[in-house]
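The file entry26.cif comes next; it holds mmCIF, C-alpha atoms.
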```
data_final
loop_
_atom_site.label_atom_id
_atom_site.label_comp_id
_atom_site.auth_asym_id
_atom_site.auth_seq_id
_atom_site.Cartn_x
_atom_site.Cartn_y
_atom_site.Cartn_z
CA MET C 29 -145.22 -76.17 -70.47
CA LEU C 30 -145.55 -72.86 -68.61
CA THR C 31 -149.03 -71.42 -68.27
CA LEU C 32 -150.04 -67.89 -67.34
CA THR C 33 -151.52 -69.04 -64.01
CA SER C 34 -149.74 -67.24 -61.18
CA PRO C 35 -147.64 -69.43 -58.88
CA VAL C 36 -148.62 -67.08 -56.02
CA ASP C 37 -151.51 -68.95 -54.44
CA THR C 38 -154.42 -66.59 -53.72
CA ALA C 39 -157.93 -66.97 -52.33
CA ALA C 40 -159.25 -66.47 -55.88
CA HIS C 41 -157.48 -69.68 -57.01
CA ARG C 42 -160.04 -71.62 -54.97
CA LEU C 43 -163.13 -69.92 -56.45
CA PRO C 44 -164.91 -71.95 -59.15
CA ALA C 45 -163.80 -70.89 -62.64
CA GLY C 46 -167.41 -70.40 -63.76
CA VAL C 47 -168.02 -67.83 -61.00
CA LYS C 48 -164.91 -65.88 -62.00
CA LEU C 49 -165.89 -65.89 -65.67
CA ALA C 50 -169.41 -64.65 -64.85
CA ALA C 51 -167.97 -61.87 -62.66
CA LEU C 52 -165.58 -60.91 -65.46
CA SER C 53 -168.44 -60.65 -67.96
CA LEU C 54 -170.41 -58.36 -65.62
CA TRP C 55 -167.33 -56.24 -64.94
CA THR C 56 -166.64 -55.79 -68.67
CA LEU C 57 -170.27 -54.86 -69.32
CA LEU C 58 -170.08 -52.30 -66.50
CA LEU C 59 -166.88 -50.78 -67.91
CA PHE C 60 -168.59 -50.19 -71.24
CA GLN C 61 -171.40 -48.31 -69.44
CA LEU C 62 -168.94 -45.87 -67.86
CA ALA C 63 -168.05 -43.00 -70.16
CA SER C 64 -166.12 -40.44 -68.12
CA PRO C 65 -162.52 -40.51 -66.86
CA LEU C 66 -163.21 -40.32 -63.11
CA PRO C 67 -165.28 -43.52 -62.63
CA LEU C 68 -162.97 -45.37 -64.99
CA THR C 69 -159.93 -44.23 -62.99
CA LEU C 70 -161.63 -45.59 -59.89
CA ALA C 71 -162.36 -48.83 -61.74
CA LEU C 72 -158.69 -49.20 -62.72
CA PHE C 73 -157.65 -48.52 -59.11
CA ALA C 74 -160.16 -51.15 -58.00
CA VAL C 75 -158.60 -53.76 -60.31
CA ALA C 76 -155.12 -52.86 -59.06
CA GLY C 77 -156.40 -53.01 -55.48
CA VAL C 78 -157.84 -56.50 -56.01
CA HIS C 79 -154.45 -57.64 -57.40
CA LEU C 80 -152.62 -56.24 -54.36
CA GLY C 81 -155.20 -57.46 -51.87
CA LEU C 82 -155.24 -60.99 -53.27
CA GLY C 83 -151.58 -61.72 -53.76
CA GLY C 84 -149.42 -58.80 -52.68
CA ALA C 85 -146.73 -56.92 -54.59
CA ALA C 86 -145.19 -59.81 -56.55
CA PHE C 87 -148.62 -60.90 -57.79
CA ALA C 88 -149.52 -57.32 -58.79
CA ALA C 89 -146.19 -56.98 -60.62
CA HIS C 90 -147.04 -60.12 -62.60
CA GLY C 91 -150.41 -58.53 -63.47
CA ALA C 92 -148.66 -55.34 -64.58
CA ARG C 93 -146.31 -57.31 -66.81
CA MET C 94 -149.30 -58.93 -68.49
CA VAL C 95 -150.82 -55.60 -69.58
CA ARG C 96 -147.46 -54.31 -70.84
CA PRO C 97 -148.05 -55.49 -74.46
CA LEU C 98 -150.76 -52.80 -74.68
CA TRP C 99 -148.23 -49.97 -74.61
CA PRO C 100 -148.24 -49.30 -78.39
CA PHE C 101 -152.00 -48.76 -78.28
CA VAL C 102 -151.70 -46.48 -75.23
CA LEU C 103 -149.03 -44.49 -77.05
CA ILE C 104 -151.02 -44.18 -80.29
CA VAL C 105 -154.24 -43.18 -78.55
CA SER C 106 -152.39 -40.63 -76.38
CA LEU C 107 -150.70 -39.07 -79.40
CA TRP C 108 -153.92 -39.02 -81.40
CA HIS C 109 -156.01 -37.43 -78.65
CA GLY C 110 -153.18 -35.06 -77.70
CA TRP C 111 -153.19 -33.88 -81.29
CA THR C 112 -157.00 -33.52 -81.60
CA GLY C 113 -157.27 -32.01 -78.10
CA ASP C 114 -159.96 -34.46 -76.90
CA LEU C 115 -158.03 -35.50 -73.79
CA ALA C 116 -161.04 -36.79 -71.82
CA GLY C 117 -162.04 -39.06 -74.70
CA GLY C 118 -158.51 -40.49 -74.90
CA ALA C 119 -158.40 -41.07 -71.16
CA VAL C 120 -161.72 -42.97 -71.32
CA VAL C 121 -160.43 -45.28 -74.06
CA ILE C 122 -157.11 -46.00 -72.35
CA LEU C 123 -158.52 -46.45 -68.83
CA ARG C 124 -161.32 -48.72 -70.00
CA MET C 125 -158.95 -50.84 -72.07
CA LEU C 126 -156.51 -51.26 -69.18
CA ALA C 127 -159.24 -52.04 -66.63
CA ALA C 128 -160.90 -54.61 -68.91
CA VAL C 129 -157.68 -56.36 -69.95
CA ALA C 130 -156.23 -56.39 -66.42
CA ALA C 131 -159.44 -57.90 -65.01
CA ALA C 132 -159.49 -60.59 -67.71
CA ASN C 133 -155.83 -61.35 -67.01
CA LEU C 134 -156.65 -61.61 -63.31
CA VAL C 135 -159.07 -64.47 -64.06
CA THR C 136 -156.38 -66.19 -66.15
CA MET C 137 -153.78 -65.69 -63.41
CA THR C 138 -155.97 -67.24 -60.73
CA THR C 139 -157.41 -70.19 -62.68
CA ARG C 140 -155.49 -73.38 -63.38
CA LEU C 141 -155.36 -74.63 -66.97
CA SER C 142 -157.17 -77.84 -65.98
CA ASP C 143 -160.05 -75.84 -64.41
CA MET C 144 -160.35 -73.62 -67.49
CA VAL C 145 -160.33 -76.66 -69.79
CA ALA C 146 -163.08 -78.21 -67.65
CA VAL C 147 -165.23 -75.09 -68.19
CA ILE C 148 -164.54 -75.20 -71.94
CA GLU C 149 -165.57 -78.85 -72.08
CA ARG C 150 -168.77 -78.06 -70.18
CA LEU C 151 -169.56 -75.15 -72.53
CA ALA C 152 -168.87 -77.37 -75.57
CA ARG C 153 -171.22 -80.12 -74.41
CA PRO C 154 -174.14 -78.91 -76.60
CA LEU C 155 -171.83 -79.32 -79.61
CA ALA C 156 -171.91 -83.09 -79.12
CA ARG C 157 -175.03 -83.17 -81.26
CA LEU C 158 -173.07 -81.57 -84.12
CA GLY C 159 -170.53 -84.38 -83.91
CA LEU C 160 -167.96 -82.87 -81.54
CA SER C 161 -167.91 -85.35 -78.68
CA PRO C 162 -166.34 -84.06 -75.42
CA ARG C 163 -163.85 -86.92 -75.61
CA ARG C 164 -162.65 -85.83 -79.02
CA LEU C 165 -162.28 -82.23 -77.86
CA ALA C 166 -160.30 -83.30 -74.79
CA LEU C 167 -158.09 -85.48 -76.98
CA ALA C 168 -157.44 -82.64 -79.43
CA LEU C 169 -156.53 -80.19 -76.63
CA ALA C 170 -154.15 -82.73 -75.08
CA LEU C 171 -152.53 -83.47 -78.46
CA VAL C 172 -151.78 -79.78 -79.06
CA VAL C 173 -150.26 -79.31 -75.60
CA ARG C 174 -148.16 -82.47 -76.02
CA PHE C 175 -146.92 -81.70 -79.52
CA ILE C 176 -145.88 -78.06 -79.02
CA PRO C 177 -142.61 -78.95 -77.19
CA VAL C 178 -142.00 -81.80 -79.67
CA MET C 179 -142.35 -79.45 -82.62
CA LEU C 180 -140.29 -76.67 -81.02
CA ASP C 181 -137.50 -79.16 -80.44
CA ARG C 182 -137.66 -80.31 -84.04
CA MET C 183 -137.67 -76.74 -85.31
CA ASP C 184 -134.33 -76.30 -83.52
CA ARG C 185 -132.98 -79.44 -85.19
CA ILE C 186 -134.15 -78.31 -88.63
CA THR C 187 -132.40 -74.97 -88.09
CA ASP C 188 -129.22 -76.72 -86.90
CA ALA C 189 -129.27 -79.00 -89.92
CA TRP C 190 -129.52 -75.98 -92.22
CA ARG C 191 -126.69 -74.25 -90.37
CA ALA C 192 -124.47 -77.29 -90.83
CA ARG C 193 -124.96 -77.06 -94.57
CA SER C 194 -124.96 -73.35 -95.27
CA PRO C 195 -123.33 -70.15 -94.04
CA ARG C 196 -126.58 -68.26 -94.76
CA PRO C 197 -129.27 -67.96 -92.05
CA ALA C 198 -132.14 -70.45 -92.38
CA ARG C 199 -135.05 -67.94 -92.27
CA TRP C 200 -138.10 -69.09 -94.19
CA ARG C 201 -136.33 -72.23 -95.40
CA VAL C 202 -137.36 -74.02 -92.19
CA LEU C 203 -141.04 -73.65 -93.04
CA VAL C 204 -141.42 -76.48 -95.56
CA PRO C 205 -139.65 -79.15 -93.47
CA ALA C 206 -141.54 -77.97 -90.37
CA THR C 207 -144.91 -78.23 -92.13
CA LEU C 208 -144.03 -81.62 -93.65
CA ALA C 209 -143.01 -82.88 -90.22
CA ALA C 210 -146.33 -81.69 -88.76
CA LEU C 211 -148.19 -83.61 -91.48
CA ASP C 212 -146.13 -86.75 -90.77
CA ASP C 213 -146.74 -86.42 -87.04
CA ALA C 214 -150.45 -86.14 -87.69
CA ASP C 215 -150.43 -89.37 -89.74
CA HIS C 216 -148.40 -91.23 -87.10
CA ALA C 217 -150.60 -89.99 -84.25
CA ALA C 218 -153.70 -91.03 -86.22
CA ASP C 219 -152.28 -94.54 -86.74
CA ALA C 220 -151.39 -94.78 -83.06
CA LEU C 221 -154.90 -93.68 -82.06
CA ARG C 222 -156.52 -96.17 -84.40
CA ALA C 223 -154.30 -98.98 -83.09
CA ARG C 224 -155.53 -98.15 -79.59
CA GLY C 225 -159.21 -98.28 -80.44
CA GLY C 226 -159.89 -94.97 -82.20
CA ALA C 227 -160.85 -91.49 -81.05
CA ASP C 228 -164.33 -92.41 -79.82
CA MET I 21 -161.81 -89.63 -88.51
CA GLU I 22 -158.66 -89.95 -86.42
CA ARG I 23 -156.71 -88.45 -89.27
CA SER I 24 -158.89 -85.33 -89.31
CA LEU I 25 -158.55 -84.94 -85.56
CA THR I 26 -154.77 -85.28 -85.51
CA HIS I 27 -154.29 -82.96 -88.49
CA ILE I 28 -156.39 -80.28 -86.77
CA ALA I 29 -154.45 -80.69 -83.52
CA LEU I 30 -151.01 -80.73 -85.14
CA PHE I 31 -151.71 -77.60 -87.19
CA ALA I 32 -152.98 -75.83 -84.07
CA ALA I 33 -149.58 -76.68 -82.57
CA LEU I 34 -147.88 -75.42 -85.74
CA ILE I 35 -149.55 -71.98 -85.37
CA ALA I 36 -148.29 -71.92 -81.79
CA ILE I 37 -144.67 -72.74 -82.59
CA LEU I 38 -144.56 -70.30 -85.50
CA GLY I 39 -145.47 -67.58 -82.97
CA LEU I 40 -143.05 -68.83 -80.33
CA VAL I 41 -140.00 -69.00 -82.57
CA PRO I 42 -138.82 -65.40 -82.98
CA LYS I 43 -135.67 -66.72 -84.61
CA ILE I 44 -137.30 -67.03 -88.01
CA ASP I 45 -136.93 -63.43 -89.06
CA LEU I 46 -138.48 -64.23 -92.40
CA ALA I 47 -137.11 -61.47 -94.55
CA ALA I 48 -133.83 -59.85 -93.54
CA GLY I 49 -134.23 -57.54 -90.57
CA VAL I 50 -138.02 -57.40 -90.54
CA PRO I 51 -139.10 -58.53 -87.08
CA ILE I 52 -142.37 -60.15 -88.09
CA THR I 53 -143.60 -63.29 -86.44
CA ALA I 54 -144.82 -66.16 -88.52
CA GLN I 55 -148.00 -66.69 -86.50
CA SER I 56 -150.45 -65.42 -89.10
CA LEU I 57 -148.50 -67.42 -91.66
CA GLY I 58 -149.47 -70.47 -89.62
CA VAL I 59 -153.12 -69.40 -89.88
CA MET I 60 -152.81 -69.07 -93.67
CA LEU I 61 -151.14 -72.49 -93.94
CA CYS I 62 -153.96 -74.10 -91.93
CA GLY I 63 -156.36 -73.02 -94.64
CA THR I 64 -154.21 -73.69 -97.68
CA VAL I 65 -153.01 -77.13 -96.53
CA LEU I 66 -155.93 -78.52 -94.50
CA GLY I 67 -158.77 -76.87 -96.43
CA ALA I 68 -161.59 -74.61 -95.26
CA ARG I 69 -163.32 -76.63 -92.55
CA ARG I 70 -160.37 -78.39 -90.96
CA GLY I 71 -158.20 -75.28 -91.27
CA ALA I 72 -160.75 -73.13 -89.44
CA LEU I 73 -161.18 -75.79 -86.74
CA ALA I 74 -157.40 -75.92 -86.19
CA VAL I 75 -157.37 -72.14 -85.62
CA VAL I 76 -160.36 -72.36 -83.24
CA LEU I 77 -158.56 -75.06 -81.26
CA PHE I 78 -155.49 -72.83 -81.02
CA LEU I 79 -157.60 -69.89 -79.79
CA VAL I 80 -159.34 -72.09 -77.19
CA LEU I 81 -155.94 -72.93 -75.69
CA VAL I 82 -154.94 -69.25 -75.73
CA ALA I 83 -158.16 -68.33 -73.90
CA ALA I 84 -157.57 -71.17 -71.44
CA GLY I 85 -154.34 -69.46 -70.38
CA LEU I 86 -151.46 -70.74 -72.50
CA PRO I 87 -149.02 -68.01 -73.64
CA LEU I 88 -149.09 -69.09 -77.28
CA LEU I 89 -149.58 -65.78 -79.08
CA SER I 90 -146.45 -64.13 -80.47
CA GLY I 91 -144.52 -62.37 -77.74
CA GLY I 92 -145.74 -64.89 -75.16
CA ARG I 93 -149.17 -63.30 -74.84
CA GLY I 94 -152.27 -65.26 -73.96
CA GLY I 95 -155.09 -65.66 -71.47
CA LEU I 96 -158.45 -63.95 -71.47
CA GLY I 97 -156.94 -60.46 -71.50
CA VAL I 98 -156.00 -60.59 -75.17
CA PHE I 99 -159.69 -60.99 -76.01
CA ALA I 100 -160.39 -57.64 -74.33
CA SER I 101 -157.48 -55.89 -76.06
CA PRO I 102 -157.63 -53.99 -79.37
CA SER I 103 -156.21 -57.06 -81.14
CA VAL I 104 -159.41 -59.02 -80.48
CA GLY I 105 -160.69 -58.47 -84.04
CA PHE I 106 -157.61 -60.09 -85.55
CA LEU I 107 -157.93 -63.08 -83.20
CA LEU I 108 -161.60 -63.66 -84.01
CA GLY I 109 -160.84 -63.14 -87.69
CA PHE I 110 -158.13 -65.83 -87.72
CA PRO I 111 -160.51 -68.82 -88.13
CA VAL I 112 -162.49 -67.00 -90.82
CA ALA I 113 -159.25 -66.13 -92.61
CA ALA I 114 -158.18 -69.79 -92.59
CA PHE I 115 -161.63 -70.82 -93.81
CA VAL I 116 -161.56 -68.39 -96.74
CA ALA I 117 -157.98 -69.32 -97.67
CA GLY I 118 -158.99 -72.98 -97.67
CA TRP I 119 -162.15 -72.26 -99.62
CA VAL I 120 -160.18 -70.52 -102.40
CA MET I 121 -157.83 -73.52 -102.47
CA GLU I 122 -160.73 -76.00 -102.71
CA ARG I 123 -162.89 -74.13 -105.20
CA THR I 124 -160.34 -73.04 -107.78
CA THR I 125 -158.40 -75.15 -110.24
CA LEU I 126 -155.43 -72.79 -110.25
CA GLN I 127 -151.97 -74.23 -109.72
CA PRO I 128 -151.58 -74.94 -105.94
CA GLY I 129 -148.98 -72.23 -105.34
CA LEU I 130 -151.05 -69.56 -107.06
CA ALA I 131 -154.30 -70.65 -105.43
CA ALA I 132 -152.63 -70.65 -102.01
CA THR I 133 -151.17 -67.17 -102.51
CA ALA I 134 -154.55 -65.90 -103.69
CA GLY I 135 -156.29 -67.57 -100.77
CA ALA I 136 -153.78 -66.18 -98.29
CA VAL I 137 -154.21 -62.66 -99.68
CA ILE I 138 -158.02 -62.80 -99.76
CA GLY I 139 -158.45 -64.62 -96.43
CA GLY I 140 -155.32 -63.81 -94.46
CA ILE I 141 -155.20 -60.14 -95.47
CA GLY I 142 -158.55 -59.03 -96.93
CA VAL I 143 -160.97 -60.79 -94.59
CA LEU I 144 -158.65 -60.69 -91.58
CA TYR I 145 -158.18 -56.92 -91.86
CA VAL I 146 -161.95 -56.32 -91.93
CA PHE I 147 -162.21 -58.12 -88.57
CA GLY I 148 -159.07 -56.49 -87.19
CA ILE I 149 -160.12 -52.99 -88.17
CA LEU I 150 -163.62 -53.47 -86.69
CA GLY I 151 -162.03 -54.68 -83.43
CA MET I 152 -159.64 -51.75 -83.15
CA ALA I 153 -162.33 -49.22 -84.08
CA LEU I 154 -164.59 -50.64 -81.36
CA ILE I 155 -162.06 -50.89 -78.51
CA LEU I 156 -160.14 -47.70 -79.31
CA GLN I 157 -163.32 -45.74 -80.20
CA LYS I 158 -161.97 -44.63 -83.54
CA SER I 159 -163.62 -44.35 -86.92
CA LEU I 160 -163.05 -47.18 -89.39
CA THR I 161 -160.78 -44.97 -91.48
CA GLU I 162 -158.58 -44.12 -88.49
CA ALA I 163 -158.43 -47.76 -87.40
CA SER I 164 -157.46 -48.87 -90.89
CA TYR I 165 -154.35 -46.63 -90.83
CA LEU I 166 -153.17 -48.72 -87.87
CA ALA I 167 -153.89 -52.00 -89.64
CA PHE I 168 -152.05 -51.02 -92.80
CA ALA I 169 -148.83 -50.75 -90.84
CA PHE I 170 -148.84 -54.58 -90.91
CA LEU I 171 -149.50 -54.80 -94.64
CA PRO I 172 -145.90 -55.23 -95.91
CA GLY I 173 -145.21 -58.06 -93.47
CA ASP I 174 -148.48 -59.81 -94.26
CA ALA I 175 -147.86 -59.54 -98.00
CA VAL I 176 -144.52 -61.33 -97.49
CA LYS I 177 -146.31 -64.01 -95.46
CA ALA I 178 -148.97 -64.56 -98.13
CA VAL I 179 -146.25 -65.15 -100.72
CA LEU I 180 -144.46 -67.53 -98.34
CA ALA I 181 -147.71 -69.42 -97.70
CA GLY I 182 -148.02 -69.86 -101.46
CA MET I 183 -144.42 -71.07 -101.76
CA VAL I 184 -144.74 -73.56 -98.90
CA THR I 185 -148.01 -74.92 -100.29
CA GLN I 186 -146.43 -75.21 -103.75
CA SER I 187 -143.47 -77.14 -102.33
CA LEU I 188 -145.80 -79.51 -100.48
CA ALA I 189 -147.80 -80.04 -103.67
CA ARG I 190 -144.63 -80.95 -105.52
CA MET I 191 -143.01 -83.11 -102.83
CA ARG I 192 -146.07 -84.90 -101.54
CA PRO I 193 -149.27 -84.12 -103.45
CA ALA I 194 -151.37 -86.41 -101.20
CA SER I 195 -150.55 -84.25 -98.17
CA LEU I 196 -152.59 -81.30 -99.45
CA LEU I 197 -155.94 -82.16 -97.90
CA SER I 198 -157.38 -78.97 -99.38
CA ARG I 199 -156.92 -80.54 -102.82
CA ALA I 200 -157.77 -84.11 -101.85
#
```
Would you write out, as structure tokens, the structure that this file holds?
Amino acid sequence: MLTLTSPVDTAAHRLPAGVKLAALSLWTLLLFQLASPLPLTLALFAVAGVHLGLGGAAFAAHGARMVRPLWPFVLIVSLWHGWTGDLAGGAVVILRMLAAVAAANLVTMTTRLSDMVAVIERLARPLARLGLSPRRLALALALVVRFIPVMLDRMDRITDAWRARSPRPARWRVLVPATLAALDDADHAADALRARGGAD
Amino acid sequence: MERSLTHIALFAALIAILGLVPKIDLAAGVPITAQSLGVMLCGTVLGARRGALAVVLFLVLVAAGLPLLSGGRGGLGVFASPSVGFLLGFPVAAFVAGWVMERTTLQPGLAATAGAVIGGIGVLYVFGILGMALILQKSLTEASYLAFAFLPGDAVKAVLAGMVTQSLARMRPASLLSRA
């Protein structure tokens, strides 16, 4: 399956994921200390500059695409603050949001899924005492990743089967068979696991 | 043990595919994704604990960088966006929906609808509104206007969650772990 990691190989891809996550936390803390438009504008330029410096125009365009889903919030905040007249306050909110989200996306774009999962497993290690063994967590993550394409494929078949029987669109009618199939898959996968020696 | 693990994993995958399939426009012409319906179903079918764990597992994979949120969003950025409250509220919503299912003796369909409304709308909106108020620096009242734009769609989804749970109860009663 596709991940959000950028195919453009940058120097940041080789940094340890833990270092990038720590830097991101500090950066986000810093952004929440800044409360006027000018430093936040500089901060946003800095994030854009890091994108360009690391991976060039194509990489930066990928970063820009990843903040695009924020546009409704930008629009609403702009309208609201345009109406109340507090333009500086609106600029602070929008700039901070963009700089924080773009920086977080940058970490995602430059870290492979396997590296991120390794960090998650390390962070979850203390949970072993509560009964969540690292092996079980790894198994669960792998099962989800493996079953998403399987279930998508079956969703298509369920829709096709409905279409063969009815001129009406399937809509919500696919939900019950899809959920039943997920329950069946879970039983089969559990049997298969048990036959191979169990989850632990 | 294995059965718990695979149910949690498979329902995490179910939340993902319900967000990835835009083709299910649930009610005619309303472009709502079924992702939060998946969250409700985790609670009403798997029960409080397993349902919440399935949602946490889904969020872990989103944070790790898989584009599993509706519209192909994902990665760490979404946890810095104004939607963060809704994301963090998802596991709690599933837990509450499952709790209502487990603790009431109502008919499964009714209990599931009630659970989906209380957890998937009531509790979820509290988290969502807090998140938007914090990130967008708005008062709670102002942030709640934004959240209520989603109310009609979520009401439809709560009813659907009830209907799906009712069908499962009728077709295969043993599959409802929340009532096991």
Spatial neighbours of Ala167 in chain I, max dist 12 Å, all atoms listed in the file, sep filter under 6 positions, as a CSV table (one decimal) with C-alpha atoms, keeping the file's coordinate frame:
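That gives us result_23.csv:
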```csv
chain,number,residue,atom,x,y,z
C,101,PHE,CA,-152.0,-48.8,-78.3
I,102,PRO,CA,-157.6,-54.0,-79.4
I,103,SER,CA,-156.2,-57.1,-81.1
I,105,GLY,CA,-160.7,-58.5,-84.0
I,106,PHE,CA,-157.6,-60.1,-85.6
I,141,ILE,CA,-155.2,-60.1,-95.5
I,142,GLY,CA,-158.6,-59.0,-96.9
I,144,LEU,CA,-158.6,-60.7,-91.6
I,145,TYR,CA,-158.2,-56.9,-91.9
I,146,VAL,CA,-162.0,-56.3,-91.9
I,147,PHE,CA,-162.2,-58.1,-88.6
I,148,GLY,CA,-159.1,-56.5,-87.2
I,149,ILE,CA,-160.1,-53.0,-88.2
I,150,LEU,CA,-163.6,-53.5,-86.7
I,151,GLY,CA,-162.0,-54.7,-83.4
I,152,MET,CA,-159.6,-51.8,-83.2
I,153,ALA,CA,-162.3,-49.2,-84.1
I,160,LEU,CA,-163.0,-47.2,-89.4
I,161,THR,CA,-160.8,-45.0,-91.5
I,173,GLY,CA,-145.2,-58.1,-93.5
I,174,ASP,CA,-148.5,-59.8,-94.3
```
Contacts of Leu96 in chain I at 9 Å (all atoms listed in the file; same-chain gap of 2+ positions) as a PDB file with C-alpha atoms, in the coordinates of the input:
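File written: around_4.pdb
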```
ATOM      1  CA  VAL C 129    -157.680 -56.360 -69.950  1.00  0.00           C
ATOM      2  CA  ALA C 131    -159.440 -57.900 -65.010  1.00  0.00           C
ATOM      3  CA  ALA C 132    -159.490 -60.590 -67.710  1.00  0.00           C
ATOM      4  CA  ASN C 133    -155.830 -61.350 -67.010  1.00  0.00           C
ATOM      5  CA  LEU C 134    -156.650 -61.610 -63.310  1.00  0.00           C
ATOM      6  CA  VAL C 135    -159.070 -64.470 -64.060  1.00  0.00           C
ATOM      7  CA  THR C 136    -156.380 -66.190 -66.150  1.00  0.00           C
TER       8      THR C 136
ATOM      9  CA  VAL I  82    -154.940 -69.250 -75.730  1.00  0.00           C
ATOM     10  CA  ALA I  83    -158.160 -68.330 -73.900  1.00  0.00           C
ATOM     11  CA  ALA I  84    -157.570 -71.170 -71.440  1.00  0.00           C
ATOM     12  CA  GLY I  85    -154.340 -69.460 -70.380  1.00  0.00           C
ATOM     13  CA  GLY I  94    -152.270 -65.260 -73.960  1.00  0.00           C
ATOM     14  CA  VAL I  98    -156.000 -60.590 -75.170  1.00  0.00           C
ATOM     15  CA  PHE I  99    -159.690 -60.990 -76.010  1.00  0.00           C
ATOM     16  CA  ALA I 100    -160.390 -57.640 -74.330  1.00  0.00           C
TER      17      ALA I 100
END
```
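When only C-alpha atoms are used to measure the gap to chain C, the shortest distance among I:Arg69, I:Arg199, I:His27, I:Arg190 belongs to I:His27.
The coordinates place CA of Arg153 in chain C at 14.6 Å from CA of Val80 in chain I.
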State, in Å with one decimal place, the distance from CA of Gly58 in chain I to CA of Thr139 in chain C.
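Taking CA of Gly58 in chain I as the start and CA of Thr139 in chain C as the end point, the length is 28.1 Å.
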Residues of chain C were defined as contacting chain I if any atom lay at most 7 Å from it, counting only C-alpha atoms; please report them as a VMD selection string.
chain C and resid 31 to 33 121 125 128 to 130 132 to 133 136 141 144 to 145 168 171 to 172 175 to 176 180 199 to 200 203 to 204 210 to 211 214 to 215 217 to 218 221 to 222 226 to 227
At what distance in Å, to one decimal, does CA of Glu149 in chain C lie from CA of Val173 in chain C?
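Atom-to-atom, CA of Val173 in chain C and CA of Glu149 in chain C are spaced 15.7 Å apart.
If all atoms listed in the file are the atoms counted, then among C:Leu43, C:Met137, C:Val120, C:Ala50 the closest residue to His79 in chain C is C:Met137.
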Quick one: residues within 12 Å of Ala119 in chain C, only C-alpha atoms, excluding same-chain residues fewer than 6 positions away - as a PyMOL selection string?
(chain C and resi 63-69+72+102-103+105-110+113+125-127) or (chain I and resi 156-157)
Selection dump of the PyMOL selection byres ((chain I and resi 67) around 9), as a ChimeraX atom specification
/I:62-66,68-72,114-122,196-199
Show me, as a list in words, the residues that have an atom within 12 Å of Pro35 in chain C when counting all atoms listed in the file, minus same-chain residues fewer than 6 positions from it.
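That gives His41, Gly83, Ala86, Phe87, His90, Thr136, Met137, Thr138, Thr139 and Arg140 of chain C.
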Shell around Pro162 in chain C at 10 Å using all atoms listed in the file, local window under 3 positions removed, as a list in words
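My list of contacting residues is Ile148, Glu149, Arg150, Leu151, Ala152, Arg153, Pro154, Leu155, Ala156, Gly159, Leu165, Ala166, Leu167, Ala168 and Asp228 of chain C.
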